[in-house]
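Here is the structure we will look at.
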Amino acid sequence: MSEESSGSSGSPESAAAGTEEGHSPGATGGAHGGTTTAPVAPPDAQLIATLRDALTAGRYTVDAVNDRLGPVGQAALGRNHTLPGSHALGSDDDPQATLIRLWPLQSEVSTAAVERALPGMLDALVTAGVLHRDGDRIRSAVDLAPYDGDDGTAGWIVSDHTPGMDGRIDEVGDDYVLGVSSASVTLAQIAARNPVGRALDLGSGCGVQSLHLARHADHVVATDLNRRAVTAAAWTFALNDVAVELRHGDLWQPVAGETFDQVISNPPYVMSPPGTAHLTYRESSLPGDDLVRTVALGAADRLNPGGTAQVLANWIHPADGDWRERLAGWFTGSGCAVHVVQREVLDPAEYAEMWLLDAGLQGGPRYRAAYEQWLRHLASTGVAGIGMGWILLYRSESDDPDVTIEHWPSPVAQPVGDALAQRPGQLAVAVRPDDQLLGTRLTLADDVLTETLGPPGAADPSAIVLVQHRGLCRRVQVDTALAGVVGACDGELAVGQLIAAVAGLLDEDETAVTHRLLPRLRELISYGMLIGGPA
């Protein structure tokens with residue numbers, strides 16, 4: 001499933017140990033449309049403190065749970081199968097085994113086992129709707145998953161259970177609260193992490209993004225339209241002892257008139273046929289990609305000077321126009337530099353199939369009719385394809401802020417957020433007038449290496465490629481003159497001096513070399529492969 005897709009898995013969630021793109025393994029299953037149970041009461045401070053202590057004492061962490069399940073059990077759980085994990089636990093009934101059975105494995109346990117693992121808390125957790133009691137048997141009513149991130153975030157996430165475990169057909173309601181998914185892991189990894197004053201998590205769901213924001217923001221506001229998500233997030237924040245201001249409401253209504261230094265959002269961007277959108281976490285009532293446009297432009301309007309926004313999104317590739325021009329038109333007059341990174345493009349059939357699978361309809365009696373409805377809807381609205389990726393905004397002081405829209409399906413070095421956050425500074429150097437750029441001292445970034453390509457035994461390479469090992473991991477082919485200038489960029493000599501020296505060595509006209517290389521140097525600076533000093 002795509003890194004921007006929403007499906008979660010039953011496995012303990014680690015943002016550091018996913019696939020190459022930072023995925024959480026696995027996908028959801030199960031048909032939607034029934035009801036689910038979330039905590040029915042706000043978290044009680046004393047209960048939360050006692051529960052946190054018990055989870056800590058029981059070594060209910062990502063690493064410890066994965067060690068206990070073993071590689072086979074862990075991998076199976078990532079595919080939404082629990083039996084190998086149950087085999088790994090055997091007949092053990094220690095507190096850690098009980099916690100794993102209750103939550104990752106979604107199994108029933110005895111009252112006595114729960115009393116040992118969560119001493120004195122059973123009645124309170126049942127009353128709160130976290131656990132369900134049926135005679136002497138106890139099962140979890142919501143998910144409580146261990147979580148850790150590559151930035152040091154560690155703790156627990158409260159959400160609804162992953163549906164479809166072990167091939168079950170589970171019914172979930174419109175207000176289903178998704179846990180940590182591949183999309184939420186990706187958003188955490190593309191988000192800027194530099195210290196900020198005020199940050200907004202728009203559409204916070206279970207609260208995982210706010211946990212990351214709280215590490216570098218003085219004040220975090222989290223909003224969601226789904227009241228059950230707000231309740232689940234309250235449990236998440238309380239368990240992790242993180243101060244986040246939670247608000248209920250739709251889109252920008254809960255923060256009307258406010259501005260922020262950072263906005264992040266994993267909005268409900270799925271373009272479902274009219275009348276079928278009912279899962280709050282993934283779908284809205286707005287047609288096409290209007291919801292994404294509303295979120296992106298709303299973020300641009302609410303950024304403080306120097307502020308940034310990171311949004312996961314889907315957008316339309318129109319049959320009768322250029323998708324890049326269409327997206328660029330959204331941001332005319334926004335006052336923000338824009339960087340859209342398209343990671344994947346699906347045709348209408350692929351898009352429908354992915355979200356029908358996510359909805360648990362594949363293989364069921366309604367699948368063919370639903371598939372037909374999706375295809376007709378997308379065709380009727382002139383959709384040739386659907387782009388999936390990132391919208392990155394930077395509040396700019398420029399009268400003509402940069403708008404870069406690119407298709408970049410290649411692997412990136414996650415977490416990529418810190419590298420992306422440097423783009424405004426890179427652009428400021430890249431757009432300097434020729435005379436200023438020629439007087440600038442550049443330094444080659446320490447993650448950039450050179451590859452030479454050519455037949456074995458050849459005296460000279462047929463191609464020279466600069467390879468970036470951080471950020472978007474770009475590969476840029478250069479000629480001999482540009483390679484010579486780049487290789488000499490150590491901050492000692494100005495660009496003009498380096499070009500003059502290389503032109504002399506190659507016995508080429510300095511003016512011609514200058515005109516040829518300056519645009520390429522600007523490109524490398526904008527990519528972060530060359531770092532500019534004062535003009």
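Here's how to read the names in the structure tokens: chain A, B, ... by the order shown, residue numbers from 1 in each chain, ligand numbers from 1 in the order shown.
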For range 98-101 of chain A, find every residue with an atom within 12 Å (counting only C-alpha atoms), except residues of its own chain fewer than 2 positions away, and show them as a PDB file with N, CA, C and O atoms, in the first residue's frame.
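The new file selection_31.pdb reads:
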```pdb
ATOM      1  N   GLY A  10      -1.730  -4.220  12.730  1.00  0.00           N
ATOM      2  CA  GLY A  10      -1.876  -4.574  14.125  1.00  0.00           C
ATOM      3  C   GLY A  10      -0.579  -4.590  14.890  1.00  0.00           C
ATOM      4  O   GLY A  10      -0.569  -4.833  16.082  1.00  0.00           O
ATOM      5  N   SER A  11       0.538  -4.327  14.230  1.00  0.00           N
ATOM      6  CA  SER A  11       1.836  -4.457  14.875  1.00  0.00           C
ATOM      7  C   SER A  11       2.161  -3.263  15.745  1.00  0.00           C
ATOM      8  O   SER A  11       1.648  -2.174  15.542  1.00  0.00           O
ATOM      9  N   PRO A  12       3.041  -3.455  16.757  1.00  0.00           N
ATOM     10  CA  PRO A  12       3.541  -2.311  17.508  1.00  0.00           C
ATOM     11  C   PRO A  12       4.150  -1.302  16.541  1.00  0.00           C
ATOM     12  O   PRO A  12       4.824  -1.675  15.588  1.00  0.00           O
ATOM     13  N   LEU A  51      -2.102   3.457  35.136  1.00  0.00           N
ATOM     14  CA  LEU A  51      -1.984   2.672  33.902  1.00  0.00           C
ATOM     15  C   LEU A  51      -0.605   2.864  33.276  1.00  0.00           C
ATOM     16  O   LEU A  51       0.017   1.893  32.826  1.00  0.00           O
ATOM     17  N   ALA A  54       1.858   0.784  35.068  1.00  0.00           N
ATOM     18  CA  ALA A  54       1.718  -0.653  34.787  1.00  0.00           C
ATOM     19  C   ALA A  54       2.265  -0.996  33.408  1.00  0.00           C
ATOM     20  O   ALA A  54       2.912  -2.041  33.231  1.00  0.00           O
ATOM     21  N   LEU A  55       2.027  -0.147  32.407  1.00  0.00           N
ATOM     22  CA  LEU A  55       2.566  -0.402  31.072  1.00  0.00           C
ATOM     23  C   LEU A  55       4.087  -0.357  31.080  1.00  0.00           C
ATOM     24  O   LEU A  55       4.747  -1.162  30.413  1.00  0.00           O
ATOM     25  N   THR A  56       4.635   0.564  31.861  1.00  0.00           N
ATOM     26  CA  THR A  56       6.094   0.654  31.965  1.00  0.00           C
ATOM     27  C   THR A  56       6.654  -0.569  32.681  1.00  0.00           C
ATOM     28  O   THR A  56       7.637  -1.167  32.218  1.00  0.00           O
ATOM     29  N   ALA A  57       6.034  -0.945  33.788  1.00  0.00           N
ATOM     30  CA  ALA A  57       6.498  -2.107  34.542  1.00  0.00           C
ATOM     31  C   ALA A  57       6.388  -3.384  33.717  1.00  0.00           C
ATOM     32  O   ALA A  57       7.229  -4.293  33.843  1.00  0.00           O
ATOM     33  N   GLY A  58       5.369  -3.460  32.866  1.00  0.00           N
ATOM     34  CA  GLY A  58       5.178  -4.635  32.030  1.00  0.00           C
ATOM     35  C   GLY A  58       6.025  -4.640  30.778  1.00  0.00           C
ATOM     36  O   GLY A  58       5.868  -5.535  29.944  1.00  0.00           O
ATOM     37  N   ARG A  59       6.910  -3.669  30.634  1.00  0.00           N
ATOM     38  CA  ARG A  59       7.783  -3.563  29.465  1.00  0.00           C
ATOM     39  C   ARG A  59       6.964  -3.625  28.177  1.00  0.00           C
ATOM     40  O   ARG A  59       7.288  -4.318  27.229  1.00  0.00           O
ATOM     41  N   TYR A  60       5.915  -2.803  28.174  1.00  0.00           N
ATOM     42  CA  TYR A  60       5.031  -2.744  27.006  1.00  0.00           C
ATOM     43  C   TYR A  60       5.510  -1.617  26.103  1.00  0.00           C
ATOM     44  O   TYR A  60       4.916  -0.540  26.030  1.00  0.00           O
ATOM     45  N   THR A  61       6.631  -1.893  25.420  1.00  0.00           N
ATOM     46  CA  THR A  61       7.237  -0.946  24.495  1.00  0.00           C
ATOM     47  C   THR A  61       7.409  -1.626  23.144  1.00  0.00           C
ATOM     48  O   THR A  61       7.313  -2.860  23.032  1.00  0.00           O
ATOM     49  N   VAL A  62       7.676  -0.837  22.110  1.00  0.00           N
ATOM     50  CA  VAL A  62       7.827  -1.407  20.772  1.00  0.00           C
ATOM     51  C   VAL A  62       8.927  -2.457  20.740  1.00  0.00           C
ATOM     52  O   VAL A  62       8.720  -3.593  20.279  1.00  0.00           O
ATOM     53  N   ALA A  64      10.464  -4.108  23.169  1.00  0.00           N
ATOM     54  CA  ALA A  64      10.252  -5.268  24.040  1.00  0.00           C
ATOM     55  C   ALA A  64       9.167  -6.185  23.492  1.00  0.00           C
ATOM     56  O   ALA A  64       9.297  -7.421  23.536  1.00  0.00           O
ATOM     57  N   VAL A  65       8.102  -5.612  22.953  1.00  0.00           N
ATOM     58  CA  VAL A  65       7.027  -6.436  22.380  1.00  0.00           C
ATOM     59  C   VAL A  65       7.528  -7.172  21.145  1.00  0.00           C
ATOM     60  O   VAL A  65       7.253  -8.373  20.964  1.00  0.00           O
ATOM     61  N   ASN A  66       8.252  -6.494  20.289  1.00  0.00           N
ATOM     62  CA  ASN A  66       8.774  -7.154  19.094  1.00  0.00           C
ATOM     63  C   ASN A  66       9.759  -8.269  19.457  1.00  0.00           C
ATOM     64  O   ASN A  66       9.773  -9.327  18.821  1.00  0.00           O
ATOM     65  N   ASP A  67      10.570  -8.041  20.463  1.00  0.00           N
ATOM     66  CA  ASP A  67      11.487  -9.099  20.920  1.00  0.00           C
ATOM     67  C   ASP A  67      10.704 -10.306  21.420  1.00  0.00           C
ATOM     68  O   ASP A  67      11.075 -11.459  21.152  1.00  0.00           O
ATOM     69  N   ARG A  68       9.626 -10.037  22.129  1.00  0.00           N
ATOM     70  CA  ARG A  68       8.834 -11.127  22.693  1.00  0.00           C
ATOM     71  C   ARG A  68       8.127 -11.916  21.593  1.00  0.00           C
ATOM     72  O   ARG A  68       8.044 -13.157  21.643  1.00  0.00           O
ATOM     73  N   LEU A  69       7.637 -11.225  20.580  1.00  0.00           N
ATOM     74  CA  LEU A  69       6.941 -11.904  19.485  1.00  0.00           C
ATOM     75  C   LEU A  69       7.910 -12.626  18.563  1.00  0.00           C
ATOM     76  O   LEU A  69       7.531 -13.611  17.907  1.00  0.00           O
ATOM     77  N   GLY A  73       6.557 -13.789  14.448  1.00  0.00           N
ATOM     78  CA  GLY A  73       5.326 -13.255  15.024  1.00  0.00           C
ATOM     79  C   GLY A  73       5.138 -11.791  14.717  1.00  0.00           C
ATOM     80  O   GLY A  73       4.023 -11.340  14.428  1.00  0.00           O
ATOM     81  N   GLN A  74       6.235 -11.041  14.764  1.00  0.00           N
ATOM     82  CA  GLN A  74       6.162  -9.613  14.461  1.00  0.00           C
ATOM     83  C   GLN A  74       5.759  -9.379  13.006  1.00  0.00           C
ATOM     84  O   GLN A  74       4.893  -8.552  12.713  1.00  0.00           O
ATOM     85  N   LEU A  77       2.081 -10.237  12.448  1.00  0.00           N
ATOM     86  CA  LEU A  77       1.198  -9.219  12.996  1.00  0.00           C
ATOM     87  C   LEU A  77       1.140  -8.008  12.072  1.00  0.00           C
ATOM     88  O   LEU A  77       0.086  -7.378  11.915  1.00  0.00           O
ATOM     89  N   THR A  82      -2.493 -13.029  13.783  1.00  0.00           N
ATOM     90  CA  THR A  82      -2.096 -13.089  15.188  1.00  0.00           C
ATOM     91  C   THR A  82      -1.582 -14.451  15.639  1.00  0.00           C
ATOM     92  O   THR A  82      -0.944 -14.548  16.689  1.00  0.00           O
ATOM     93  N   LEU A  83      -1.851 -15.515  14.878  1.00  0.00           N
ATOM     94  CA  LEU A  83      -1.538 -16.866  15.366  1.00  0.00           C
ATOM     95  C   LEU A  83      -0.049 -17.059  15.643  1.00  0.00           C
ATOM     96  O   LEU A  83       0.308 -17.609  16.693  1.00  0.00           O
ATOM     97  N   GLY A  85       2.086 -14.918  16.625  1.00  0.00           N
ATOM     98  CA  GLY A  85       2.377 -14.215  17.864  1.00  0.00           C
ATOM     99  C   GLY A  85       1.866 -14.976  19.070  1.00  0.00           C
ATOM    100  O   GLY A  85       2.536 -15.040  20.109  1.00  0.00           O
ATOM    101  N   SER A  86       0.681 -15.554  18.945  1.00  0.00           N
ATOM    102  CA  SER A  86       0.147 -16.379  20.042  1.00  0.00           C
ATOM    103  C   SER A  86       1.042 -17.578  20.309  1.00  0.00           C
ATOM    104  O   SER A  86       1.280 -17.953  21.467  1.00  0.00           O
ATOM    105  N   HIS A  87       1.555 -18.193  19.249  1.00  0.00           N
ATOM    106  CA  HIS A  87       2.480 -19.315  19.426  1.00  0.00           C
ATOM    107  C   HIS A  87       3.747 -18.863  20.123  1.00  0.00           C
ATOM    108  O   HIS A  87       4.316 -19.605  20.941  1.00  0.00           O
ATOM    109  N   ALA A  88       4.224 -17.654  19.808  1.00  0.00           N
ATOM    110  CA  ALA A  88       5.443 -17.164  20.449  1.00  0.00           C
ATOM    111  C   ALA A  88       5.249 -16.984  21.954  1.00  0.00           C
ATOM    112  O   ALA A  88       6.178 -17.203  22.738  1.00  0.00           O
ATOM    113  N   LEU A  89       4.048 -16.592  22.369  1.00  0.00           N
ATOM    114  CA  LEU A  89       3.776 -16.416  23.799  1.00  0.00           C
ATOM    115  C   LEU A  89       3.539 -17.742  24.503  1.00  0.00           C
ATOM    116  O   LEU A  89       3.755 -17.845  25.720  1.00  0.00           O
ATOM    117  N   GLY A  90       3.088 -18.758  23.760  1.00  0.00           N
ATOM    118  CA  GLY A  90       2.822 -20.052  24.374  1.00  0.00           C
ATOM    119  C   GLY A  90       1.791 -19.941  25.482  1.00  0.00           C
ATOM    120  O   GLY A  90       0.757 -19.287  25.325  1.00  0.00           O
ATOM    121  N   SER A  91       2.085 -20.533  26.607  1.00  0.00           N
ATOM    122  CA  SER A  91       1.166 -20.498  27.743  1.00  0.00           C
ATOM    123  C   SER A  91       1.554 -19.447  28.771  1.00  0.00           C
ATOM    124  O   SER A  91       0.980 -19.395  29.859  1.00  0.00           O
ATOM    125  N   ASP A  92       2.521 -18.603  28.453  1.00  0.00           N
ATOM    126  CA  ASP A  92       2.977 -17.587  29.393  1.00  0.00           C
ATOM    127  C   ASP A  92       1.825 -16.669  29.797  1.00  0.00           C
ATOM    128  O   ASP A  92       1.003 -16.287  28.960  1.00  0.00           O
ATOM    129  N   ASP A  93       1.772 -16.311  31.073  1.00  0.00           N
ATOM    130  CA  ASP A  93       0.733 -15.400  31.537  1.00  0.00           C
ATOM    131  C   ASP A  93       1.304 -14.289  32.414  1.00  0.00           C
ATOM    132  O   ASP A  93       0.616 -13.744  33.281  1.00  0.00           O
ATOM    133  N   ASP A  94       2.575 -13.945  32.181  1.00  0.00           N
ATOM    134  CA  ASP A  94       3.175 -12.820  32.892  1.00  0.00           C
ATOM    135  C   ASP A  94       2.533 -11.525  32.397  1.00  0.00           C
ATOM    136  O   ASP A  94       1.844 -11.504  31.364  1.00  0.00           O
ATOM    137  N   PRO A  95       2.731 -10.406  33.086  1.00  0.00           N
ATOM    138  CA  PRO A  95       2.069  -9.154  32.686  1.00  0.00           C
ATOM    139  C   PRO A  95       2.332  -8.735  31.247  1.00  0.00           C
ATOM    140  O   PRO A  95       1.402  -8.291  30.554  1.00  0.00           O
ATOM    141  N   GLN A  96       3.560  -8.859  30.772  1.00  0.00           N
ATOM    142  CA  GLN A  96       3.829  -8.459  29.389  1.00  0.00           C
ATOM    143  C   GLN A  96       3.037  -9.314  28.403  1.00  0.00           C
ATOM    144  O   GLN A  96       2.459  -8.800  27.436  1.00  0.00           O
ATOM    145  N   TRP A 103      -3.945  -6.318  23.565  1.00  0.00           N
ATOM    146  CA  TRP A 103      -3.956  -5.268  22.552  1.00  0.00           C
ATOM    147  C   TRP A 103      -3.406  -5.694  21.195  1.00  0.00           C
ATOM    148  O   TRP A 103      -4.209  -5.861  20.267  1.00  0.00           O
ATOM    149  N   PRO A 104      -2.149  -5.934  20.991  1.00  0.00           N
ATOM    150  CA  PRO A 104      -1.731  -6.300  19.621  1.00  0.00           C
ATOM    151  C   PRO A 104      -2.440  -7.537  19.072  1.00  0.00           C
ATOM    152  O   PRO A 104      -2.816  -7.574  17.900  1.00  0.00           O
ATOM    153  N   LEU A 105      -2.642  -8.559  19.914  1.00  0.00           N
ATOM    154  CA  LEU A 105      -3.248  -9.797  19.427  1.00  0.00           C
ATOM    155  C   LEU A 105      -4.773  -9.792  19.515  1.00  0.00           C
ATOM    156  O   LEU A 105      -5.422 -10.716  18.997  1.00  0.00           O
ATOM    157  N   GLN A 106      -5.360  -8.788  20.153  1.00  0.00           N
ATOM    158  CA  GLN A 106      -6.815  -8.658  20.266  1.00  0.00           C
ATOM    159  C   GLN A 106      -7.460  -9.955  20.768  1.00  0.00           C
ATOM    160  O   GLN A 106      -8.498 -10.400  20.264  1.00  0.00           O
ATOM    161  N   SER A 107      -6.852 -10.554  21.778  1.00  0.00           N
ATOM    162  CA  SER A 107      -7.332 -11.835  22.309  1.00  0.00           C
ATOM    163  C   SER A 107      -7.996 -11.638  23.669  1.00  0.00           C
ATOM    164  O   SER A 107      -7.734 -10.660  24.373  1.00  0.00           O
ATOM    165  N   GLU A 108      -8.834 -12.597  24.040  1.00  0.00           N
ATOM    166  CA  GLU A 108      -9.417 -12.597  25.373  1.00  0.00           C
ATOM    167  C   GLU A 108      -8.414 -13.150  26.379  1.00  0.00           C
ATOM    168  O   GLU A 108      -7.609 -14.034  26.051  1.00  0.00           O
ATOM    169  N   VAL A 109      -8.473 -12.615  27.597  1.00  0.00           N
ATOM    170  CA  VAL A 109      -7.630 -13.122  28.686  1.00  0.00           C
ATOM    171  C   VAL A 109      -8.499 -13.243  29.928  1.00  0.00           C
ATOM    172  O   VAL A 109      -9.618 -12.728  29.985  1.00  0.00           O
ATOM    173  N   SER A 110      -7.968 -13.891  30.931  1.00  0.00           N
ATOM    174  CA  SER A 110      -8.751 -14.087  32.146  1.00  0.00           C
ATOM    175  C   SER A 110      -8.712 -12.851  33.030  1.00  0.00           C
ATOM    176  O   SER A 110      -7.794 -12.026  32.953  1.00  0.00           O
ATOM    177  N   THR A 111      -9.719 -12.741  33.879  1.00  0.00           N
ATOM    178  CA  THR A 111      -9.751 -11.647  34.852  1.00  0.00           C
ATOM    179  C   THR A 111      -8.513 -11.669  35.730  1.00  0.00           C
ATOM    180  O   THR A 111      -7.919 -10.629  36.019  1.00  0.00           O
ATOM    181  N   ALA A 112      -8.089 -12.856  36.133  1.00  0.00           N
ATOM    182  CA  ALA A 112      -6.921 -12.964  37.008  1.00  0.00           C
ATOM    183  C   ALA A 112      -5.671 -12.443  36.314  1.00  0.00           C
ATOM    184  O   ALA A 112      -4.840 -11.759  36.934  1.00  0.00           O
ATOM    185  N   ALA A 113      -5.517 -12.754  35.030  1.00  0.00           N
ATOM    186  CA  ALA A 113      -4.337 -12.277  34.297  1.00  0.00           C
ATOM    187  C   ALA A 113      -4.335 -10.755  34.204  1.00  0.00           C
ATOM    188  O   ALA A 113      -3.292 -10.107  34.347  1.00  0.00           O
ATOM    189  N   VAL A 114      -5.510 -10.172  33.975  1.00  0.00           N
ATOM    190  CA  VAL A 114      -5.592  -8.708  33.894  1.00  0.00           C
ATOM    191  C   VAL A 114      -5.280  -8.088  35.251  1.00  0.00           C
ATOM    192  O   VAL A 114      -4.588  -7.054  35.331  1.00  0.00           O
ATOM    193  N   GLU A 115      -5.765  -8.683  36.321  1.00  0.00           N
ATOM    194  CA  GLU A 115      -5.487  -8.144  37.654  1.00  0.00           C
ATOM    195  C   GLU A 115      -3.991  -8.165  37.951  1.00  0.00           C
ATOM    196  O   GLU A 115      -3.487  -7.279  38.646  1.00  0.00           O
ATOM    197  N   ARG A 116      -3.278  -9.139  37.427  1.00  0.00           N
ATOM    198  CA  ARG A 116      -1.821  -9.173  37.636  1.00  0.00           C
ATOM    199  C   ARG A 116      -1.115  -8.130  36.769  1.00  0.00           C
ATOM    200  O   ARG A 116      -0.153  -7.497  37.204  1.00  0.00           O
ATOM    201  N   ALA A 117      -1.583  -7.958  35.553  1.00  0.00           N
ATOM    202  CA  ALA A 117      -0.920  -7.021  34.639  1.00  0.00           C
ATOM    203  C   ALA A 117      -1.309  -5.575  34.918  1.00  0.00           C
ATOM    204  O   ALA A 117      -0.479  -4.660  34.763  1.00  0.00           O
ATOM    205  N   LEU A 118      -2.580  -5.366  35.303  1.00  0.00           N
ATOM    206  CA  LEU A 118      -3.103  -4.021  35.537  1.00  0.00           C
ATOM    207  C   LEU A 118      -3.764  -3.998  36.915  1.00  0.00           C
ATOM    208  O   LEU A 118      -4.996  -3.856  37.028  1.00  0.00           O
ATOM    209  N   LEU A 131     -11.592  -1.462  28.330  1.00  0.00           N
ATOM    210  CA  LEU A 131     -11.691  -2.918  28.357  1.00  0.00           C
ATOM    211  C   LEU A 131     -13.167  -3.322  28.372  1.00  0.00           C
ATOM    212  O   LEU A 131     -14.041  -2.539  28.778  1.00  0.00           O
ATOM    213  N   ILE A 138     -11.870 -11.135  29.621  1.00  0.00           N
ATOM    214  CA  ILE A 138     -11.643  -9.712  29.381  1.00  0.00           C
ATOM    215  C   ILE A 138     -11.015  -9.551  27.994  1.00  0.00           C
ATOM    216  O   ILE A 138     -10.103 -10.291  27.620  1.00  0.00           O
ATOM    217  N   ARG A 139     -11.500  -8.583  27.247  1.00  0.00           N
ATOM    218  CA  ARG A 139     -10.858  -8.223  25.987  1.00  0.00           C
ATOM    219  C   ARG A 139     -10.771  -6.702  25.911  1.00  0.00           C
ATOM    220  O   ARG A 139     -11.475  -5.980  26.642  1.00  0.00           O
ATOM    221  N   SER A 140      -9.930  -6.212  25.044  1.00  0.00           N
ATOM    222  CA  SER A 140      -9.801  -4.769  24.887  1.00  0.00           C
ATOM    223  C   SER A 140     -10.920  -4.254  23.995  1.00  0.00           C
ATOM    224  O   SER A 140     -11.295  -4.885  23.008  1.00  0.00           O
ATOM    225  N   ASP A 143      -7.792   0.012  20.989  1.00  0.00           N
ATOM    226  CA  ASP A 143      -6.378  -0.342  20.886  1.00  0.00           C
ATOM    227  C   ASP A 143      -5.542   0.586  21.760  1.00  0.00           C
ATOM    228  O   ASP A 143      -5.825   1.789  21.863  1.00  0.00           O
ATOM    229  N   LEU A 144      -4.537   0.025  22.370  1.00  0.00           N
ATOM    230  CA  LEU A 144      -3.548   0.789  23.126  1.00  0.00           C
ATOM    231  C   LEU A 144      -2.192   0.244  22.686  1.00  0.00           C
ATOM    232  O   LEU A 144      -1.745  -0.791  23.155  1.00  0.00           O
ATOM    233  N   ALA A 145      -1.576   0.925  21.735  1.00  0.00           N
ATOM    234  CA  ALA A 145      -0.389   0.393  21.057  1.00  0.00           C
ATOM    235  C   ALA A 145       0.868   1.103  21.518  1.00  0.00           C
ATOM    236  O   ALA A 145       0.880   2.337  21.635  1.00  0.00           O
ATOM    237  N   PRO A 146       1.942   0.356  21.754  1.00  0.00           N
ATOM    238  CA  PRO A 146       3.223   1.031  22.005  1.00  0.00           C
ATOM    239  C   PRO A 146       3.709   1.703  20.729  1.00  0.00           C
ATOM    240  O   PRO A 146       3.426   1.244  19.620  1.00  0.00           O
TER     241      PRO A 146
END
```
TODO: Could you tell me, as a list in words, which residues of range 275-369 of chain A DSSP assigns to strand (DSSP E or B) when given the backbone?
DONE: Glu283, Leu303, Asn304, Pro305, Gly306, Gly307, Thr308, Ala309, Gln310, Val311, Leu312, Ala313, Asn314, Trp315, Ile316, His317, Pro318, Cys336, Ala337, Val338, His339, Val340, Val341, Gln342, Arg343, Glu344, Val345 and Leu346 of chain A
Task: Close residues, Arg326 in chain A itself excluded, 12 Å, only C-alpha atoms, min 6 positions apart in chain, as a ChimeraX atom specification - done: /A:289,293,315-320,332,340,405
Could those selected residues go to a file with N, CA, C and O atoms, as a PDB file, in the first residue's frame?
```pdb
ATOM      1  N   ASP A 289     -10.623  17.163  -5.242  1.00  0.00           N
ATOM      2  CA  ASP A 289      -9.561  17.509  -4.308  1.00  0.00           C
ATOM      3  C   ASP A 289      -9.787  18.877  -3.667  1.00  0.00           C
ATOM      4  O   ASP A 289      -8.838  19.533  -3.221  1.00  0.00           O
ATOM      5  N   ARG A 293      -7.263  21.410  -1.331  1.00  0.00           N
ATOM      6  CA  ARG A 293      -7.050  22.825  -1.640  1.00  0.00           C
ATOM      7  C   ARG A 293      -7.430  23.705  -0.452  1.00  0.00           C
ATOM      8  O   ARG A 293      -6.704  24.653  -0.101  1.00  0.00           O
ATOM      9  N   TRP A 315      -4.220  14.635  -5.318  1.00  0.00           N
ATOM     10  CA  TRP A 315      -4.719  15.681  -6.207  1.00  0.00           C
ATOM     11  C   TRP A 315      -5.019  15.092  -7.577  1.00  0.00           C
ATOM     12  O   TRP A 315      -4.492  14.044  -7.958  1.00  0.00           O
ATOM     13  N   ILE A 316      -5.852  15.801  -8.304  1.00  0.00           N
ATOM     14  CA  ILE A 316      -6.332  15.319  -9.587  1.00  0.00           C
ATOM     15  C   ILE A 316      -5.336  15.630 -10.698  1.00  0.00           C
ATOM     16  O   ILE A 316      -4.782  16.727 -10.757  1.00  0.00           O
ATOM     17  N   HIS A 317      -5.131  14.658 -11.577  1.00  0.00           N
ATOM     18  CA  HIS A 317      -4.506  14.882 -12.870  1.00  0.00           C
ATOM     19  C   HIS A 317      -5.637  15.004 -13.879  1.00  0.00           C
ATOM     20  O   HIS A 317      -6.277  14.009 -14.222  1.00  0.00           O
ATOM     21  N   PRO A 318      -5.932  16.224 -14.328  1.00  0.00           N
ATOM     22  CA  PRO A 318      -7.077  16.388 -15.225  1.00  0.00           C
ATOM     23  C   PRO A 318      -6.802  15.824 -16.608  1.00  0.00           C
ATOM     24  O   PRO A 318      -5.668  15.866 -17.101  1.00  0.00           O
ATOM     25  N   ALA A 319      -7.830  15.318 -17.224  1.00  0.00           N
ATOM     26  CA  ALA A 319      -7.690  14.776 -18.583  1.00  0.00           C
ATOM     27  C   ALA A 319      -7.435  15.872 -19.600  1.00  0.00           C
ATOM     28  O   ALA A 319      -6.852  15.621 -20.662  1.00  0.00           O
ATOM     29  N   ASP A 320      -7.850  17.098 -19.285  1.00  0.00           N
ATOM     30  CA  ASP A 320      -7.763  18.173 -20.264  1.00  0.00           C
ATOM     31  C   ASP A 320      -6.806  19.288 -19.844  1.00  0.00           C
ATOM     32  O   ASP A 320      -6.972  20.435 -20.245  1.00  0.00           O
ATOM     33  N   THR A 332      -1.428  30.977  -6.253  1.00  0.00           N
ATOM     34  CA  THR A 332      -1.205  32.338  -6.736  1.00  0.00           C
ATOM     35  C   THR A 332      -1.648  33.340  -5.667  1.00  0.00           C
ATOM     36  O   THR A 332      -2.778  33.296  -5.185  1.00  0.00           O
ATOM     37  N   VAL A 340       5.747  21.113  -3.978  1.00  0.00           N
ATOM     38  CA  VAL A 340       4.897  19.929  -4.078  1.00  0.00           C
ATOM     39  C   VAL A 340       5.751  18.776  -4.571  1.00  0.00           C
ATOM     40  O   VAL A 340       6.408  18.876  -5.613  1.00  0.00           O
ATOM     41  N   ILE A 405       6.960  22.307  -8.363  1.00  0.00           N
ATOM     42  CA  ILE A 405       6.066  21.144  -8.370  1.00  0.00           C
ATOM     43  C   ILE A 405       6.758  20.057  -9.170  1.00  0.00           C
ATOM     44  O   ILE A 405       7.037  20.233 -10.361  1.00  0.00           O
TER      45      ILE A 405
END
```
Open item on the list: When you look at range 199-202 of chain A with a cut-off of 8 Å (counting only C-alpha atoms), what residues show up, excluding the ones that are within fewer than 2 positions of it in the same chain? I need them as a list in words.
Closed with: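 Contacts, with the query itself left out: Val196, Gly197, Ser204, Gln209, Ser210, Leu213, Ala217, Asp218, His219, Val220, Val221, Ala222, Thr223, Asp224, Leu251, Phe260, Asp261, Gln262, Val263, Ile264, Ser265, Asn266 and Pro267 of chain A.
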Give me, as CSV, the closest atom pair and its distance (Å, one decimal) for every residue of range 136-173 of chain A within a cut-off of 10 Å of range 229-247 of chain A, counting only C-alpha atoms, rows sorted by chain and rising number.
```
residue,atom,partner,partner_atom,distance
A:Val142,CA,A:Ala232,CA,9.1
A:Asp143,CA,A:Ala232,CA,9.7
A:Leu144,CA,A:Thr236,CA,8.7
A:Ala145,CA,A:Thr236,CA,9.9
A:Thr153,CA,A:Asn240,CA,9.6
A:Ala154,CA,A:Asn240,CA,8.1
A:Gly155,CA,A:Asn240,CA,5.8
A:Trp156,CA,A:Thr236,CA,6.5
A:Ile157,CA,A:Thr236,CA,5.2
A:Val158,CA,A:Thr236,CA,5.3
A:Ser159,CA,A:Ala232,CA,5.8
A:Asp160,CA,A:Ala232,CA,8.4
```
